[in-house]
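A short write-up of the structure that comes next.
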Amino acid sequence: MEYKAFLIKYAEIGIKGNNRYMFENALVKQMKFAFKGVGKFTVRKQSGRVFAEAQGEFDFDEAVAALKTVFGITGICPVLIDENKDIEHLGKICGDYMKEEHPDAKTFKVFAKRADKRIPLNSMELAAEMGGYVLDAVPGIKVDVHNPEVKLTVEVRDKVYIYSKVIPGPGGMPIGTNGKAMLCLSGGIDSPVAGWMIAKRGVRIDATYFHAPPYTSERAKQKVVDLAKKVARYAGPINLHIVNFTDIQLAIYEKCPHDELTIIMRRYMMKIAEHFAKQQDCLALITGESIGQVASQTIHNLAITNEVCELPVFRPCIGMDKQEIVDIAEEIDTYETSILPFEDCCTIFVAKHPVTKGDLSRIKKSERALDDVIDDLMKAAIESTEIMYVKPE
């Protein structure tokens with residue numbers, strides 16, 4: 001069957017009361033953005049429903065894939081739309097639809113909604129009438145009102161909408177409805193997942209990446225750009241700040257205890273990321289850290305890292321094990337890029353025996369060895385930062 005339209009289901013948006021229209025408008029905007037390159041669609045709201053109708057040829061699978069990147073959508077229903085509300089005509093459509101879409105179905109139930117009161121039947125009567133046509137059209141099928149194999153929905157509104165399939169969407173909230181945050185994006189598995197998870201709650205994101213040439217290659221940088229493109233499929237365009245962190249890392253390596261290298265390095269990374277976050281009106285930082293995954297991510301060391309931040313730090317992966325994070329990375333298509341063998345600056349300057357239970361007063365004492373150089377190095381790193389506007393791939 002050739003579909004020309006989709007009915008979009010949402011969940012949380014429906015309980016937003018008087019503000020619901022703002023969330024619906026954001027959802028419509030994101031859907032229009034997602035459809036670019038797929039085809040020409042008209043996206044409209046109507047009485048608690050959102051419809052996307054094709055205005056020409058399009059690839060069905062590409063359209064569904066595009067909608068699966070739109071946060072806020074819980075269900076994607078390929079729908080038949082007809083303007084003829086004659087009961088006999090609708091009955092024939094329902095029978096033909098079930099015969100073509102569900103020829104082997106054993107049981108079904110019709111759900112009818114009559115918003116157009118000019119129809120002579122009420123909703124229950126309409127459901128029973130359509131069910132009779134289906135029974136006549138599909139040999140061997142039976143009605144099961146408790147646990148039907150197929151749920152056929154018929155909605156009579158300005159037009160008639162018929163559907164039975166619900167393709168799961170990503171859920172969440174539409175992008176742009178919950179402020180903006182800065183993602184600390186590396187070339188690893190965790191941080192793209194963290195960015196995706198926070199974006200799923202409606203947060204628009206920018207990103208900061210710390211590059212360390214010549215110790216990290218241009219391929220490592222491109223890997224991060226590619227990851228940003230993949231996250232941008234869901235989160236929308238991202239301003240990616242590429243910070244040259246080499247001189248700061250070398251100074252830390254030269255002047256600070258080697259078992260504290262990672263913690264001190266992370267503290268200066270967070271300071272720089274927060275600088276750009278405030279510059280871009282972000283309200284929080286995002287990292288991919290998970291408790292205990294590596295030495296710098298023990299609860300003791302995370303507390304020391306947090307100490308330099310004024311903005312809240314969101315760590316959506318904090319309680320997840322590695323396989324859970326990998327599963328999401330595979331789902332959002334970042335995993336294969338993340339495991340490419342191009343190391344980032346965090347893995348180049350790693351201590352052989354890093355401290356796992358850092359002491360804040362000791363760390364601050366160690367950082368005083370940087371007092372004569374760090375301000376100039378931070379200023380140079382910030383001023384030389386490259387900003388790339390990354391669109392979805």
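As shown in the structure tokens, the chain order sets the letters A, B, ...; within each chain, residues go from 1, and ligands are also counted from 1 in the order they appear.
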
Return as JSON lines the residues of region 167-236 of chain A lying at most 8 Å from region 371-393 of chain A, together with the closest atom-to-atom pair for each and the distance in Å to one decimal, counting only C-alpha atoms, with rows in chain order and ascending residue number.
{"residue": "A:Val225", "atom": "CA", "partner": "A:Val390", "partner_atom": "CA", "distance": 7.4}
{"residue": "A:Asp226", "atom": "CA", "partner": "A:Glu393", "partner_atom": "CA", "distance": 7.8}
{"residue": "A:Ala228", "atom": "CA", "partner": "A:Val390", "partner_atom": "CA", "distance": 6.7}
{"residue": "A:Lys229", "atom": "CA", "partner": "A:Pro392", "partner_atom": "CA", "distance": 4.6}
{"residue": "A:Lys230", "atom": "CA", "partner": "A:Pro392", "partner_atom": "CA", "distance": 6.1}
{"residue": "A:Val231", "atom": "CA", "partner": "A:Pro392", "partner_atom": "CA", "distance": 7.4}
{"residue": "A:Ala232", "atom": "CA", "partner": "A:Pro392", "partner_atom": "CA", "distance": 4.8}
{"residue": "A:Arg233", "atom": "CA", "partner": "A:Pro392", "partner_atom": "CA", "distance": 4.6}
{"residue": "A:Gly236", "atom": "CA", "partner": "A:Pro392", "partner_atom": "CA", "distance": 6.9}

Just write the chosen residues, N, CA, C and O atoms, as a PDB file, in the first residue's frame.
ATOM      1  N   VAL A 225      34.640  15.657  14.430  1.00  0.00           N
ATOM      2  CA  VAL A 225      33.699  16.387  13.569  1.00  0.00           C
ATOM      3  C   VAL A 225      32.630  15.428  13.049  1.00  0.00           C
ATOM      4  O   VAL A 225      31.431  15.756  13.025  1.00  0.00           O
ATOM      5  N   ASP A 226      33.039  14.237  12.646  1.00  0.00           N
ATOM      6  CA  ASP A 226      32.084  13.239  12.146  1.00  0.00           C
ATOM      7  C   ASP A 226      31.109  12.811  13.244  1.00  0.00           C
ATOM      8  O   ASP A 226      29.917  12.611  12.983  1.00  0.00           O
ATOM      9  N   ALA A 228      30.189  14.713  15.740  1.00  0.00           N
ATOM     10  CA  ALA A 228      29.302  15.857  15.924  1.00  0.00           C
ATOM     11  C   ALA A 228      28.200  15.861  14.866  1.00  0.00           C
ATOM     12  O   ALA A 228      27.039  16.184  15.160  1.00  0.00           O
ATOM     13  N   LYS A 229      28.546  15.480  13.646  1.00  0.00           N
ATOM     14  CA  LYS A 229      27.540  15.408  12.572  1.00  0.00           C
ATOM     15  C   LYS A 229      26.472  14.373  12.898  1.00  0.00           C
ATOM     16  O   LYS A 229      25.288  14.584  12.638  1.00  0.00           O
ATOM     17  N   LYS A 230      26.903  13.246  13.456  1.00  0.00           N
ATOM     18  CA  LYS A 230      25.945  12.193  13.786  1.00  0.00           C
ATOM     19  C   LYS A 230      25.029  12.616  14.934  1.00  0.00           C
ATOM     20  O   LYS A 230      23.809  12.361  14.905  1.00  0.00           O
ATOM     21  N   VAL A 231      25.589  13.274  15.936  1.00  0.00           N
ATOM     22  CA  VAL A 231      24.758  13.780  17.029  1.00  0.00           C
ATOM     23  C   VAL A 231      23.809  14.863  16.523  1.00  0.00           C
ATOM     24  O   VAL A 231      22.647  14.948  16.948  1.00  0.00           O
ATOM     25  N   ALA A 232      24.281  15.666  15.567  1.00  0.00           N
ATOM     26  CA  ALA A 232      23.472  16.759  15.016  1.00  0.00           C
ATOM     27  C   ALA A 232      22.250  16.254  14.255  1.00  0.00           C
ATOM     28  O   ALA A 232      21.287  16.998  14.076  1.00  0.00           O
ATOM     29  N   ARG A 233      22.265  14.995  13.825  1.00  0.00           N
ATOM     30  CA  ARG A 233      21.070  14.429  13.182  1.00  0.00           C
ATOM     31  C   ARG A 233      19.875  14.502  14.129  1.00  0.00           C
ATOM     32  O   ARG A 233      18.730  14.672  13.706  1.00  0.00           O
ATOM     33  N   GLY A 236      20.194  18.777  16.004  1.00  0.00           N
ATOM     34  CA  GLY A 236      20.258  19.971  15.181  1.00  0.00           C
ATOM     35  C   GLY A 236      21.689  20.475  15.069  1.00  0.00           C
ATOM     36  O   GLY A 236      22.608  19.929  15.696  1.00  0.00           O
TER      37      GLY A 236
END

List the neighbours of region 192-197 of chain A out to 6 Å using only C-alpha atoms; skip same-chain residues closer than 4 positions along the sequence, and give me the result as an mmCIF file with C-alpha atoms, in the first residue's frame.
data_model
loop_
_atom_site.group_PDB
_atom_site.id
_atom_site.type_symbol
_atom_site.label_atom_id
_atom_site.label_comp_id
_atom_site.auth_asym_id
_atom_site.auth_seq_id
_atom_site.Cartn_x
_atom_site.Cartn_y
_atom_site.Cartn_z
ATOM 1 C CA GLY A 288 30.192 11.383 29.158
ATOM 2 C CA PRO A 316 23.715 11.289 31.909
ATOM 3 C CA ALA A 329 26.060 4.301 20.627
#

Just the alpha helix (DSSP H) stuff from region 250-320 of chain A, please, per backbone DSSP, written as a ChimeraX atom specification. /A:250-255,261-279,299-306

I'd like to know which residues of region 110-286 of chain A are strand (DSSP E or B) (by DSSP, run on the backbone); could you write them as a PyMOL selection string? chain A and resi 110-114+142-143+150-156+160-163+167-168+173+180-184+201+204-211+238-244+285-286

Per residue of region 15-58 of chain A within 10 Å of region 168-187 of chain A, record the nearest atom pair and its distance in Å to one decimal, counting only C-alpha atoms, with rows in chain order and ascending residue number, as CSV.
residue,atom,partner,partner_atom,distance
A:Met22,CA,A:Thr177,CA,8.0
A:Phe23,CA,A:Pro174,CA,6.6
A:Glu24,CA,A:Pro174,CA,8.2
A:Asn25,CA,A:Pro174,CA,9.0
A:Ala26,CA,A:Pro174,CA,5.8
A:Leu27,CA,A:Pro174,CA,5.2
A:Val28,CA,A:Pro174,CA,8.9
A:Lys29,CA,A:Pro174,CA,9.0
A:Gln30,CA,A:Pro174,CA,7.2
A:Met31,CA,A:Pro174,CA,9.5

Restricting it to N, CA, C and O atoms, dump the selection as a compact mmCIF listing (two decimals), in the first residue's frame.
# COMPACT_ATOMS: atom_id res chain seq x y z
N MET A 22 3.51 25.51 22.51
CA MET A 22 4.93 25.83 22.28
C MET A 22 5.72 24.56 21.96
O MET A 22 6.60 24.57 21.10
N PHE A 23 5.41 23.49 22.67
CA PHE A 23 6.10 22.22 22.43
C PHE A 23 5.68 21.64 21.08
O PHE A 23 6.50 21.08 20.36
N GLU A 24 4.40 21.77 20.76
CA GLU A 24 3.92 21.30 19.45
C GLU A 24 4.59 22.07 18.33
O GLU A 24 4.98 21.48 17.30
N ASN A 25 4.70 23.39 18.50
CA ASN A 25 5.34 24.21 17.47
C ASN A 25 6.81 23.80 17.28
O ASN A 25 7.31 23.75 16.15
N ALA A 26 7.50 23.52 18.39
CA ALA A 26 8.89 23.08 18.30
C ALA A 26 8.98 21.73 17.60
O ALA A 26 9.91 21.48 16.82
N LEU A 27 8.03 20.85 17.87
CA LEU A 27 8.00 19.53 17.21
C LEU A 27 7.80 19.69 15.71
O LEU A 27 8.50 19.05 14.91
N VAL A 28 6.86 20.53 15.33
CA VAL A 28 6.61 20.77 13.90
C VAL A 28 7.85 21.33 13.22
O VAL A 28 8.22 20.91 12.11
N LYS A 29 8.51 22.26 13.88
CA LYS A 29 9.73 22.86 13.33
C LYS A 29 10.81 21.80 13.10
O LYS A 29 11.46 21.77 12.06
N GLN A 30 11.00 20.92 14.09
CA GLN A 30 12.02 19.87 13.96
C GLN A 30 11.65 18.87 12.88
O GLN A 30 12.53 18.36 12.17
N MET A 31 10.38 18.57 12.73
CA MET A 31 9.95 17.66 11.67
C MET A 31 10.24 18.24 10.29
O MET A 31 10.73 17.54 9.39

Given only C-alpha atoms as the basis, pick out the residue of A:Leu360, A:Ile332, A:Met265, A:Ile167 nearest to Thr69 (chain A).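 Closest candidate: A:Ile332.
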
Can you tell me which residues surround region 154-156 of chain A at a distance of at most 7 Å, considering only C-alpha atoms, apart from same-chain residues fewer than 5 positions away, and format the answer as JSON, numbers by chain? {"A": [111, 112, 113, 114, 115, 116, 161, 162, 163]}

Counting only C-alpha atoms, which of A:Ala369, A:Ile339, A:Ile291, A:Cys77 gets nearest to Tyr10 (chain A)?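 Among A:Ala369, A:Ile339, A:Ile291, A:Cys77, it is A:Cys77 that comes nearest to Tyr10 (chain A).
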
Which of A:Glu101, A:Asp190, A:Glu83, A:Glu330 sits closest to Glu2 (chain A) [using only C-alpha atoms]: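 Distance minimum relative to Glu2 (chain A) lands on A:Glu101.
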
Report the distance between CA of Ala277 (chain A) and CA of Thr208 (chain A) in Å, rounded to one decimal place.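 Computing it gives 8.9 Å between the two atoms.
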
Of A:Arg362, A:Ala207, A:Thr356, A:Gly188, the one nearest to Ile325 (chain A) when counting only C-alpha atoms is A:Gly188

Near-Ile304 (chain A) list (9 Å; only C-alpha atoms; drop same-chain fewer than 4 positions) as an NGL selection string: :A and (263 or 267 or 299-300 or 308 or 358-360 or 363)
